[in-house]
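Structure data follow from work28.cif (mmCIF, N, CA and C atoms and all ligand atoms):
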data_upload
loop_
_atom_site.label_atom_id
_atom_site.label_comp_id
_atom_site.auth_asym_id
_atom_site.auth_seq_id
_atom_site.Cartn_x
_atom_site.Cartn_y
_atom_site.Cartn_z
N MET A 1 -5.06 10.16 2.85
CA MET A 1 -5.89 9.46 1.86
C MET A 1 -6.56 10.48 0.95
N THR A 2 -6.58 10.16 -0.31
CA THR A 2 -7.16 11.03 -1.32
C THR A 2 -8.31 10.30 -2.00
N THR A 3 -9.36 11.02 -2.35
CA THR A 3 -10.39 10.45 -3.19
C THR A 3 -10.09 10.84 -4.63
N TYR A 4 -9.67 9.85 -5.41
CA TYR A 4 -9.35 10.07 -6.82
C TYR A 4 -10.61 9.84 -7.64
N HIS A 5 -10.67 10.52 -8.78
CA HIS A 5 -11.78 10.33 -9.71
C HIS A 5 -11.23 9.73 -10.99
N GLY A 6 -11.89 8.65 -11.42
CA GLY A 6 -11.43 7.98 -12.62
C GLY A 6 -12.53 7.91 -13.65
N ALA A 7 -12.15 7.74 -14.90
CA ALA A 7 -13.11 7.63 -16.00
C ALA A 7 -12.46 6.95 -17.18
N CYS A 8 -13.32 6.39 -18.03
CA CYS A 8 -12.83 5.82 -19.27
C CYS A 8 -12.62 6.93 -20.30
N PHE A 9 -12.08 6.57 -21.44
CA PHE A 9 -11.77 7.56 -22.48
C PHE A 9 -13.02 8.29 -22.96
N CYS A 10 -14.13 7.58 -23.16
CA CYS A 10 -15.34 8.22 -23.70
C CYS A 10 -16.17 8.90 -22.62
N GLY A 11 -15.83 8.68 -21.36
CA GLY A 11 -16.52 9.35 -20.27
C GLY A 11 -17.81 8.67 -19.83
N SER A 12 -18.15 7.53 -20.40
CA SER A 12 -19.39 6.85 -20.05
C SER A 12 -19.34 6.25 -18.65
N VAL A 13 -18.16 5.78 -18.25
CA VAL A 13 -18.01 5.13 -16.95
C VAL A 13 -17.13 6.01 -16.06
N ARG A 14 -17.60 6.23 -14.82
CA ARG A 14 -16.83 7.03 -13.87
C ARG A 14 -16.82 6.33 -12.53
N PHE A 15 -15.72 6.54 -11.79
CA PHE A 15 -15.62 5.94 -10.46
C PHE A 15 -14.82 6.83 -9.52
N GLU A 16 -14.93 6.53 -8.24
CA GLU A 16 -14.12 7.18 -7.22
C GLU A 16 -13.33 6.11 -6.49
N ALA A 17 -12.12 6.44 -6.10
CA ALA A 17 -11.26 5.48 -5.42
C ALA A 17 -10.46 6.19 -4.35
N GLU A 18 -10.56 5.69 -3.12
CA GLU A 18 -9.81 6.25 -2.01
C GLU A 18 -8.48 5.52 -1.89
N GLY A 19 -7.41 6.26 -2.06
CA GLY A 19 -6.09 5.66 -2.00
C GLY A 19 -5.03 6.72 -1.87
N ASP A 20 -3.79 6.32 -2.11
CA ASP A 20 -2.68 7.26 -2.00
C ASP A 20 -1.57 6.81 -2.95
N LEU A 21 -1.43 7.52 -4.04
CA LEU A 21 -0.41 7.16 -5.03
C LEU A 21 0.99 7.16 -4.42
N ALA A 22 1.19 8.03 -3.42
CA ALA A 22 2.51 8.12 -2.80
C ALA A 22 2.87 6.84 -2.04
N GLN A 23 1.86 6.01 -1.73
CA GLN A 23 2.12 4.74 -1.03
C GLN A 23 2.55 3.64 -1.99
N GLY A 24 2.50 3.92 -3.29
CA GLY A 24 3.04 2.95 -4.23
C GLY A 24 2.04 2.48 -5.27
N THR A 25 2.57 2.12 -6.42
CA THR A 25 1.79 1.58 -7.52
C THR A 25 2.53 0.32 -8.00
N MET A 26 1.91 -0.39 -8.92
CA MET A 26 2.55 -1.61 -9.39
C MET A 26 2.44 -1.76 -10.90
N ARG A 27 3.52 -2.21 -11.48
CA ARG A 27 3.52 -2.72 -12.84
C ARG A 27 4.09 -4.13 -12.76
N CYS A 28 3.94 -4.89 -13.82
CA CYS A 28 4.24 -6.31 -13.72
C CYS A 28 4.70 -6.83 -15.08
N ASN A 29 5.48 -7.90 -15.04
CA ASN A 29 6.03 -8.44 -16.28
C ASN A 29 5.28 -9.67 -16.79
N CYS A 30 4.09 -9.97 -16.22
CA CYS A 30 3.36 -11.15 -16.69
C CYS A 30 2.78 -10.87 -18.08
N ARG A 31 2.32 -11.93 -18.73
CA ARG A 31 1.85 -11.82 -20.11
C ARG A 31 0.70 -10.81 -20.22
N PHE A 32 -0.26 -10.88 -19.29
CA PHE A 32 -1.41 -9.97 -19.33
C PHE A 32 -0.97 -8.52 -19.16
N CYS A 33 -0.18 -8.26 -18.15
CA CYS A 33 0.23 -6.87 -17.87
C CYS A 33 1.07 -6.31 -19.01
N ARG A 34 1.87 -7.15 -19.63
CA ARG A 34 2.66 -6.67 -20.76
C ARG A 34 1.76 -6.26 -21.92
N LYS A 35 0.73 -7.07 -22.19
CA LYS A 35 -0.16 -6.73 -23.31
C LYS A 35 -0.97 -5.47 -23.01
N MET A 36 -1.35 -5.30 -21.74
CA MET A 36 -2.24 -4.20 -21.36
C MET A 36 -1.50 -2.96 -20.90
N ARG A 37 -0.18 -3.03 -20.81
CA ARG A 37 0.60 -1.91 -20.27
C ARG A 37 0.05 -1.52 -18.90
N TYR A 38 -0.16 -2.53 -18.09
CA TYR A 38 -0.88 -2.36 -16.84
C TYR A 38 -0.08 -1.57 -15.81
N TRP A 39 -0.73 -0.60 -15.18
CA TRP A 39 -0.16 0.19 -14.08
C TRP A 39 -1.27 0.43 -13.09
N GLU A 40 -1.15 -0.10 -11.90
CA GLU A 40 -2.26 -0.07 -10.96
C GLU A 40 -1.89 0.55 -9.63
N MET A 41 -2.94 1.02 -8.93
CA MET A 41 -2.83 1.43 -7.53
C MET A 41 -3.83 0.61 -6.74
N ARG A 42 -3.31 -0.23 -5.85
CA ARG A 42 -4.20 -1.02 -5.01
C ARG A 42 -4.78 -0.13 -3.92
N LEU A 43 -6.08 -0.26 -3.69
CA LEU A 43 -6.73 0.54 -2.65
C LEU A 43 -6.49 -0.12 -1.29
N PRO A 44 -6.24 0.68 -0.25
CA PRO A 44 -6.03 0.10 1.07
C PRO A 44 -7.26 -0.67 1.55
N ASP A 45 -8.46 -0.26 1.11
CA ASP A 45 -9.70 -0.92 1.53
C ASP A 45 -10.64 -0.96 0.32
N PRO A 46 -11.09 -2.15 -0.09
CA PRO A 46 -12.00 -2.22 -1.25
C PRO A 46 -13.28 -1.39 -1.05
N ALA A 47 -13.63 -1.10 0.20
CA ALA A 47 -14.83 -0.29 0.47
C ALA A 47 -14.63 1.15 0.01
N GLY A 48 -13.40 1.53 -0.28
CA GLY A 48 -13.12 2.89 -0.74
C GLY A 48 -13.28 3.04 -2.24
N PHE A 49 -14.05 2.15 -2.85
CA PHE A 49 -14.26 2.20 -4.29
C PHE A 49 -15.74 2.35 -4.60
N ARG A 50 -16.08 3.27 -5.50
CA ARG A 50 -17.49 3.48 -5.87
C ARG A 50 -17.60 3.75 -7.37
N ILE A 51 -18.51 3.04 -8.03
CA ILE A 51 -18.86 3.36 -9.41
C ILE A 51 -19.86 4.50 -9.33
N THR A 52 -19.58 5.61 -9.99
CA THR A 52 -20.47 6.76 -9.89
C THR A 52 -21.29 6.99 -11.16
N HIS A 53 -20.92 6.35 -12.26
CA HIS A 53 -21.66 6.55 -13.51
C HIS A 53 -21.35 5.43 -14.49
N GLY A 54 -22.36 4.93 -15.18
CA GLY A 54 -22.15 4.03 -16.31
C GLY A 54 -21.97 2.56 -15.96
N ALA A 55 -22.46 2.13 -14.78
CA ALA A 55 -22.26 0.72 -14.40
C ALA A 55 -22.84 -0.23 -15.43
N GLU A 56 -23.89 0.19 -16.12
CA GLU A 56 -24.54 -0.69 -17.10
C GLU A 56 -23.67 -0.91 -18.35
N LEU A 57 -22.61 -0.11 -18.50
CA LEU A 57 -21.75 -0.23 -19.68
C LEU A 57 -20.46 -1.01 -19.39
N LEU A 58 -20.35 -1.52 -18.18
CA LEU A 58 -19.11 -2.22 -17.83
C LEU A 58 -19.06 -3.60 -18.47
N ALA A 59 -17.88 -4.01 -18.82
CA ALA A 59 -17.62 -5.37 -19.29
C ALA A 59 -16.45 -5.91 -18.48
N GLU A 60 -16.40 -7.23 -18.36
CA GLU A 60 -15.37 -7.86 -17.54
C GLU A 60 -14.73 -9.03 -18.26
N THR A 61 -13.49 -9.25 -17.93
CA THR A 61 -12.85 -10.49 -18.35
C THR A 61 -13.44 -11.61 -17.49
N PRO A 62 -13.20 -12.87 -17.82
CA PRO A 62 -13.71 -13.97 -16.98
C PRO A 62 -13.24 -13.82 -15.53
N ARG A 63 -14.06 -14.33 -14.61
CA ARG A 63 -13.80 -14.18 -13.18
C ARG A 63 -12.52 -14.87 -12.71
N HIS A 64 -12.13 -15.93 -13.40
CA HIS A 64 -10.92 -16.64 -13.03
C HIS A 64 -10.01 -16.71 -14.25
N ASP A 65 -8.72 -16.56 -14.02
CA ASP A 65 -7.80 -16.64 -15.15
C ASP A 65 -7.50 -18.10 -15.48
N GLU A 66 -6.62 -18.31 -16.45
CA GLU A 66 -6.37 -19.67 -16.92
C GLU A 66 -5.76 -20.56 -15.84
N ASP A 67 -5.18 -19.97 -14.80
CA ASP A 67 -4.61 -20.76 -13.71
C ASP A 67 -5.58 -20.90 -12.53
N GLY A 68 -6.83 -20.43 -12.73
CA GLY A 68 -7.82 -20.56 -11.67
C GLY A 68 -7.73 -19.48 -10.62
N VAL A 69 -6.91 -18.46 -10.86
CA VAL A 69 -6.78 -17.37 -9.89
C VAL A 69 -8.04 -16.51 -9.97
N ASP A 70 -8.62 -16.17 -8.81
CA ASP A 70 -9.84 -15.37 -8.73
C ASP A 70 -9.48 -13.89 -8.91
N MET A 71 -9.51 -13.45 -10.17
CA MET A 71 -9.15 -12.07 -10.48
C MET A 71 -9.76 -11.73 -11.84
N HIS A 72 -10.42 -10.58 -11.92
CA HIS A 72 -10.97 -10.18 -13.21
C HIS A 72 -10.75 -8.67 -13.42
N HIS A 73 -10.79 -8.29 -14.68
CA HIS A 73 -10.46 -6.93 -15.08
C HIS A 73 -11.69 -6.30 -15.71
N THR A 74 -11.95 -5.05 -15.35
CA THR A 74 -13.17 -4.37 -15.80
C THR A 74 -12.81 -3.25 -16.77
N PHE A 75 -13.61 -3.14 -17.82
CA PHE A 75 -13.35 -2.11 -18.81
C PHE A 75 -14.66 -1.57 -19.37
N CYS A 76 -14.58 -0.43 -20.06
CA CYS A 76 -15.76 0.19 -20.67
C CYS A 76 -16.08 -0.55 -21.97
N SER A 77 -17.33 -0.97 -22.12
CA SER A 77 -17.71 -1.73 -23.32
C SER A 77 -17.84 -0.82 -24.54
N ARG A 78 -17.87 0.48 -24.34
CA ARG A 78 -17.95 1.40 -25.49
C ARG A 78 -16.59 1.74 -26.06
N CYS A 79 -15.66 2.12 -25.17
CA CYS A 79 -14.37 2.61 -25.67
C CYS A 79 -13.20 1.68 -25.36
N GLY A 80 -13.43 0.67 -24.52
CA GLY A 80 -12.39 -0.31 -24.26
C GLY A 80 -11.36 0.07 -23.21
N THR A 81 -11.52 1.23 -22.57
CA THR A 81 -10.55 1.63 -21.55
C THR A 81 -10.61 0.68 -20.37
N ARG A 82 -9.44 0.20 -19.96
CA ARG A 82 -9.37 -0.62 -18.76
C ARG A 82 -9.46 0.27 -17.54
N LEU A 83 -10.25 -0.16 -16.53
CA LEU A 83 -10.56 0.72 -15.42
C LEU A 83 -10.07 0.22 -14.06
N TRP A 84 -10.34 -1.05 -13.74
CA TRP A 84 -9.87 -1.58 -12.46
C TRP A 84 -9.84 -3.10 -12.51
N THR A 85 -9.17 -3.65 -11.51
CA THR A 85 -9.06 -5.10 -11.33
C THR A 85 -9.57 -5.43 -9.95
N GLU A 86 -10.33 -6.52 -9.86
CA GLU A 86 -10.85 -6.96 -8.58
C GLU A 86 -10.52 -8.44 -8.44
N GLY A 87 -10.20 -8.85 -7.25
CA GLY A 87 -9.89 -10.26 -7.06
C GLY A 87 -9.91 -10.65 -5.61
N ASN A 88 -9.66 -11.93 -5.39
CA ASN A 88 -9.58 -12.46 -4.05
C ASN A 88 -8.47 -13.51 -4.03
N ILE A 89 -7.31 -13.08 -3.55
CA ILE A 89 -6.14 -13.95 -3.51
C ILE A 89 -5.62 -13.96 -2.08
N PRO A 90 -5.74 -15.12 -1.41
CA PRO A 90 -5.33 -15.16 0.01
C PRO A 90 -3.92 -14.66 0.23
N GLU A 91 -2.99 -14.99 -0.69
CA GLU A 91 -1.60 -14.57 -0.51
C GLU A 91 -1.44 -13.06 -0.60
N MET A 92 -2.46 -12.38 -1.17
CA MET A 92 -2.41 -10.92 -1.28
C MET A 92 -3.33 -10.26 -0.26
N GLY A 93 -3.76 -11.03 0.75
CA GLY A 93 -4.57 -10.45 1.79
C GLY A 93 -6.07 -10.54 1.54
N GLY A 94 -6.49 -11.37 0.58
CA GLY A 94 -7.92 -11.56 0.34
C GLY A 94 -8.47 -10.64 -0.73
N HIS A 95 -9.71 -10.17 -0.52
CA HIS A 95 -10.40 -9.34 -1.50
C HIS A 95 -9.65 -8.03 -1.74
N PHE A 96 -9.47 -7.68 -2.99
CA PHE A 96 -8.78 -6.42 -3.29
C PHE A 96 -9.37 -5.78 -4.54
N ILE A 97 -9.20 -4.46 -4.60
CA ILE A 97 -9.50 -3.69 -5.81
C ILE A 97 -8.28 -2.83 -6.10
N ALA A 98 -7.85 -2.86 -7.35
CA ALA A 98 -6.73 -2.02 -7.80
C ALA A 98 -7.20 -1.25 -9.03
N VAL A 99 -7.10 0.06 -8.97
CA VAL A 99 -7.57 0.87 -10.11
C VAL A 99 -6.40 1.13 -11.07
N CYS A 100 -6.73 1.30 -12.34
CA CYS A 100 -5.72 1.60 -13.35
C CYS A 100 -5.32 3.07 -13.19
N VAL A 101 -4.06 3.29 -12.91
CA VAL A 101 -3.57 4.65 -12.72
C VAL A 101 -3.87 5.50 -13.96
N SER A 102 -3.80 4.87 -15.13
CA SER A 102 -4.04 5.60 -16.38
C SER A 102 -5.48 6.09 -16.51
N ALA A 103 -6.39 5.56 -15.72
CA ALA A 103 -7.80 5.99 -15.79
C ALA A 103 -8.11 7.13 -14.82
N LEU A 104 -7.14 7.48 -13.97
CA LEU A 104 -7.39 8.57 -13.01
C LEU A 104 -7.32 9.90 -13.73
N GLU A 105 -8.25 10.78 -13.38
CA GLU A 105 -8.40 12.01 -14.15
C GLU A 105 -7.85 13.26 -13.49
N ASP A 106 -7.84 13.28 -12.18
CA ASP A 106 -7.55 14.54 -11.49
C ASP A 106 -6.21 14.49 -10.77
N VAL A 107 -5.27 13.81 -11.34
CA VAL A 107 -3.96 13.67 -10.71
C VAL A 107 -2.95 14.54 -11.45
N PRO A 108 -2.32 15.48 -10.75
CA PRO A 108 -1.30 16.30 -11.40
C PRO A 108 -0.16 15.41 -11.91
N GLU A 109 0.42 15.80 -13.03
CA GLU A 109 1.52 15.04 -13.62
C GLU A 109 2.64 14.79 -12.61
N ALA A 110 2.92 15.79 -11.81
CA ALA A 110 4.02 15.66 -10.83
C ALA A 110 3.73 14.53 -9.84
N GLU A 111 2.45 14.35 -9.47
CA GLU A 111 2.10 13.27 -8.54
C GLU A 111 2.26 11.91 -9.20
N LEU A 112 1.93 11.82 -10.49
CA LEU A 112 2.13 10.57 -11.22
C LEU A 112 3.61 10.23 -11.31
N ILE A 113 4.40 11.23 -11.62
CA ILE A 113 5.84 11.02 -11.77
C ILE A 113 6.45 10.58 -10.44
N ALA A 114 5.95 11.15 -9.35
CA ALA A 114 6.53 10.86 -8.03
C ALA A 114 6.04 9.54 -7.44
N ALA A 115 4.97 8.99 -7.98
CA ALA A 115 4.40 7.76 -7.40
C ALA A 115 5.40 6.61 -7.52
N PRO A 116 5.74 6.00 -6.40
CA PRO A 116 6.66 4.85 -6.48
C PRO A 116 6.03 3.71 -7.27
N VAL A 117 6.86 3.02 -8.05
CA VAL A 117 6.38 1.89 -8.85
C VAL A 117 7.11 0.63 -8.40
N HIS A 118 6.35 -0.38 -8.00
CA HIS A 118 6.92 -1.71 -7.75
C HIS A 118 6.76 -2.52 -9.03
N TYR A 119 7.85 -2.94 -9.61
CA TYR A 119 7.81 -3.78 -10.80
C TYR A 119 7.82 -5.23 -10.35
N ALA A 120 6.66 -5.87 -10.43
CA ALA A 120 6.51 -7.22 -9.90
C ALA A 120 6.92 -8.28 -10.92
N ASP A 121 7.42 -9.38 -10.40
CA ASP A 121 7.84 -10.50 -11.25
C ASP A 121 6.69 -11.50 -11.40
N GLY A 122 5.57 -11.01 -11.93
CA GLY A 122 4.40 -11.88 -12.12
C GLY A 122 4.61 -12.96 -13.16
N ALA A 123 5.54 -12.76 -14.06
CA ALA A 123 5.80 -13.77 -15.09
C ALA A 123 6.24 -15.09 -14.46
N HIS A 124 6.75 -15.01 -13.23
CA HIS A 124 7.19 -16.23 -12.54
C HIS A 124 6.36 -16.45 -11.28
N ASP A 125 5.09 -15.95 -11.28
CA ASP A 125 4.20 -16.07 -10.11
C ASP A 125 4.93 -15.64 -8.83
N ASN A 126 5.63 -14.55 -8.94
CA ASN A 126 6.55 -14.12 -7.89
C ASN A 126 6.35 -12.62 -7.68
N TRP A 127 5.06 -12.23 -7.50
CA TRP A 127 4.68 -10.82 -7.49
C TRP A 127 5.33 -10.03 -6.37
N TRP A 128 5.76 -10.71 -5.32
CA TRP A 128 6.28 -10.02 -4.15
C TRP A 128 7.73 -9.60 -4.35
N ASN A 129 8.33 -10.12 -5.41
CA ASN A 129 9.73 -9.77 -5.68
C ASN A 129 9.83 -8.99 -6.98
N PRO A 130 10.88 -8.18 -7.11
CA PRO A 130 11.00 -7.33 -8.31
C PRO A 130 11.30 -8.14 -9.57
N ALA A 131 10.78 -7.65 -10.69
CA ALA A 131 11.09 -8.23 -11.99
C ALA A 131 12.56 -8.01 -12.28
N PRO A 132 13.22 -9.01 -12.87
CA PRO A 132 14.65 -8.87 -13.14
C PRO A 132 14.97 -7.80 -14.19
N GLU A 133 14.01 -7.50 -15.08
CA GLU A 133 14.21 -6.47 -16.10
C GLU A 133 12.91 -5.68 -16.22
N THR A 134 13.02 -4.35 -16.30
CA THR A 134 11.81 -3.52 -16.29
C THR A 134 11.76 -2.50 -17.43
N ARG A 135 12.81 -2.38 -18.20
CA ARG A 135 12.84 -1.30 -19.18
C ARG A 135 11.77 -1.42 -20.24
N HIS A 136 11.26 -2.62 -20.49
CA HIS A 136 10.26 -2.84 -21.53
C HIS A 136 8.83 -2.77 -20.98
N LEU A 137 8.66 -2.57 -19.69
CA LEU A 137 7.33 -2.63 -19.09
C LEU A 137 6.62 -1.29 -19.11
ZN ZN B 201 -15.80 4.44 -22.40
#
So that I can check it, write out the structure of this file as structure tokens.
Amino acid sequence: MTTYHGACFCGSVRFEAEGDLAQGTMRCNCRFCRKMRYWEMRLPDPAGFRITHGAELLAETPRHDEDGVDMHHTFCSRCGTRLWTEGNIPEMGGHFIAVCVSALEDVPEAELIAAPVHYADGAHDNWWNPAPETRHL
């Protein structure tokens, strides 16, 4: 397990996240992930997440999406960098936090390149199975 350090573009918001990129990351073909170019690393335990600076500058999407799913996305209100997603989905094991890989600051390029990516088929509410096409994600 590694403690990663993340931050937004302007540096106002900082966080720490305990995880392991080598255990896998996720991208997805749903409408939201396509617009946001989303790439996440789910933390093995939500307790391994800490905001270390700038909590007062955080902004969030609504707590539930249009389908009533309990999931929201957090970003810096100054620079707009997306930072992490938090939710509670029983089919995904309950409460979870997934940090945006793009917000991690101290990861060598080689580790990013080597991180396995699961391309989820979220466009069909089928996250557990691979997206049929991934080249555009
Ligand atoms: Zn910022």
With 12 Å as the cut-off and only C-alpha atoms and all ligand atoms counted, what is the closest atom pair between each nearby residue of chain A and ligand ZN 201 (chain B)? Distances in Å to one decimal, ordered by chain and number, as JSON lines.
{"residue": "A:Gly6", "atom": "CA", "partner": "B:ZN201", "partner_atom": "ZN", "distance": 11.3}
{"residue": "A:Ala7", "atom": "CA", "partner": "B:ZN201", "partner_atom": "ZN", "distance": 7.6}
{"residue": "A:Cys8", "atom": "CA", "partner": "B:ZN201", "partner_atom": "ZN", "distance": 4.5}
{"residue": "A:Phe9", "atom": "CA", "partner": "B:ZN201", "partner_atom": "ZN", "distance": 5.1}
{"residue": "A:Cys10", "atom": "CA", "partner": "B:ZN201", "partner_atom": "ZN", "distance": 4.0}
{"residue": "A:Gly11", "atom": "CA", "partner": "B:ZN201", "partner_atom": "ZN", "distance": 5.4}
{"residue": "A:Ser12", "atom": "CA", "partner": "B:ZN201", "partner_atom": "ZN", "distance": 4.9}
{"residue": "A:Val13", "atom": "CA", "partner": "B:ZN201", "partner_atom": "ZN", "distance": 5.9}
{"residue": "A:Arg14", "atom": "CA", "partner": "B:ZN201", "partner_atom": "ZN", "distance": 9.0}
{"residue": "A:His53", "atom": "CA", "partner": "B:ZN201", "partner_atom": "ZN", "distance": 10.9}
{"residue": "A:Gly54", "atom": "CA", "partner": "B:ZN201", "partner_atom": "ZN", "distance": 8.8}
{"residue": "A:Ala55", "atom": "CA", "partner": "B:ZN201", "partner_atom": "ZN", "distance": 10.9}
{"residue": "A:Glu56", "atom": "CA", "partner": "B:ZN201", "partner_atom": "ZN", "distance": 11.4}
{"residue": "A:Leu57", "atom": "CA", "partner": "B:ZN201", "partner_atom": "ZN", "distance": 8.0}
{"residue": "A:Leu58", "atom": "CA", "partner": "B:ZN201", "partner_atom": "ZN", "distance": 8.7}
{"residue": "A:Ala59", "atom": "CA", "partner": "B:ZN201", "partner_atom": "ZN", "distance": 10.5}
{"residue": "A:Thr74", "atom": "CA", "partner": "B:ZN201", "partner_atom": "ZN", "distance": 11.3}
{"residue": "A:Phe75", "atom": "CA", "partner": "B:ZN201", "partner_atom": "ZN", "distance": 7.9}
{"residue": "A:Cys76", "atom": "CA", "partner": "B:ZN201", "partner_atom": "ZN", "distance": 4.6}
{"residue": "A:Ser77", "atom": "CA", "partner": "B:ZN201", "partner_atom": "ZN", "distance": 6.5}
{"residue": "A:Arg78", "atom": "CA", "partner": "B:ZN201", "partner_atom": "ZN", "distance": 4.8}
{"residue": "A:Cys79", "atom": "CA", "partner": "B:ZN201", "partner_atom": "ZN", "distance": 4.0}
{"residue": "A:Gly80", "atom": "CA", "partner": "B:ZN201", "partner_atom": "ZN", "distance": 6.1}
{"residue": "A:Thr81", "atom": "CA", "partner": "B:ZN201", "partner_atom": "ZN", "distance": 6.0}
{"residue": "A:Arg82", "atom": "CA", "partner": "B:ZN201", "partner_atom": "ZN", "distance": 9.0}
{"residue": "A:Leu83", "atom": "CA", "partner": "B:ZN201", "partner_atom": "ZN", "distance": 9.5}
{"residue": "A:Ala103", "atom": "CA", "partner": "B:ZN201", "partner_atom": "ZN", "distance": 10.5}
Exercise for review: Might you pull out every residue within 12 Å of A:Glu86, with only C-alpha atoms counted and same-chain residues fewer than 5 positions away left off, and present them as a PyMOL selection string?
Suggested key: chain A and resi 40-43+45-47+49+60-64+69-75+92+94-100
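Between atom N of A:Glu109 and atom N of A:Trp39 the interatomic distance comes to 16.6 Å.
Going from atom N of A:Ile89 over to atom C of A:Thr3, you cover 24.1 Å.
Distances from A:Asp125, A:Leu104, A:Pro130, A:Gln23 to A:Asp67 were compared using only C-alpha atoms, and the smallest one belongs to A:Asp125.
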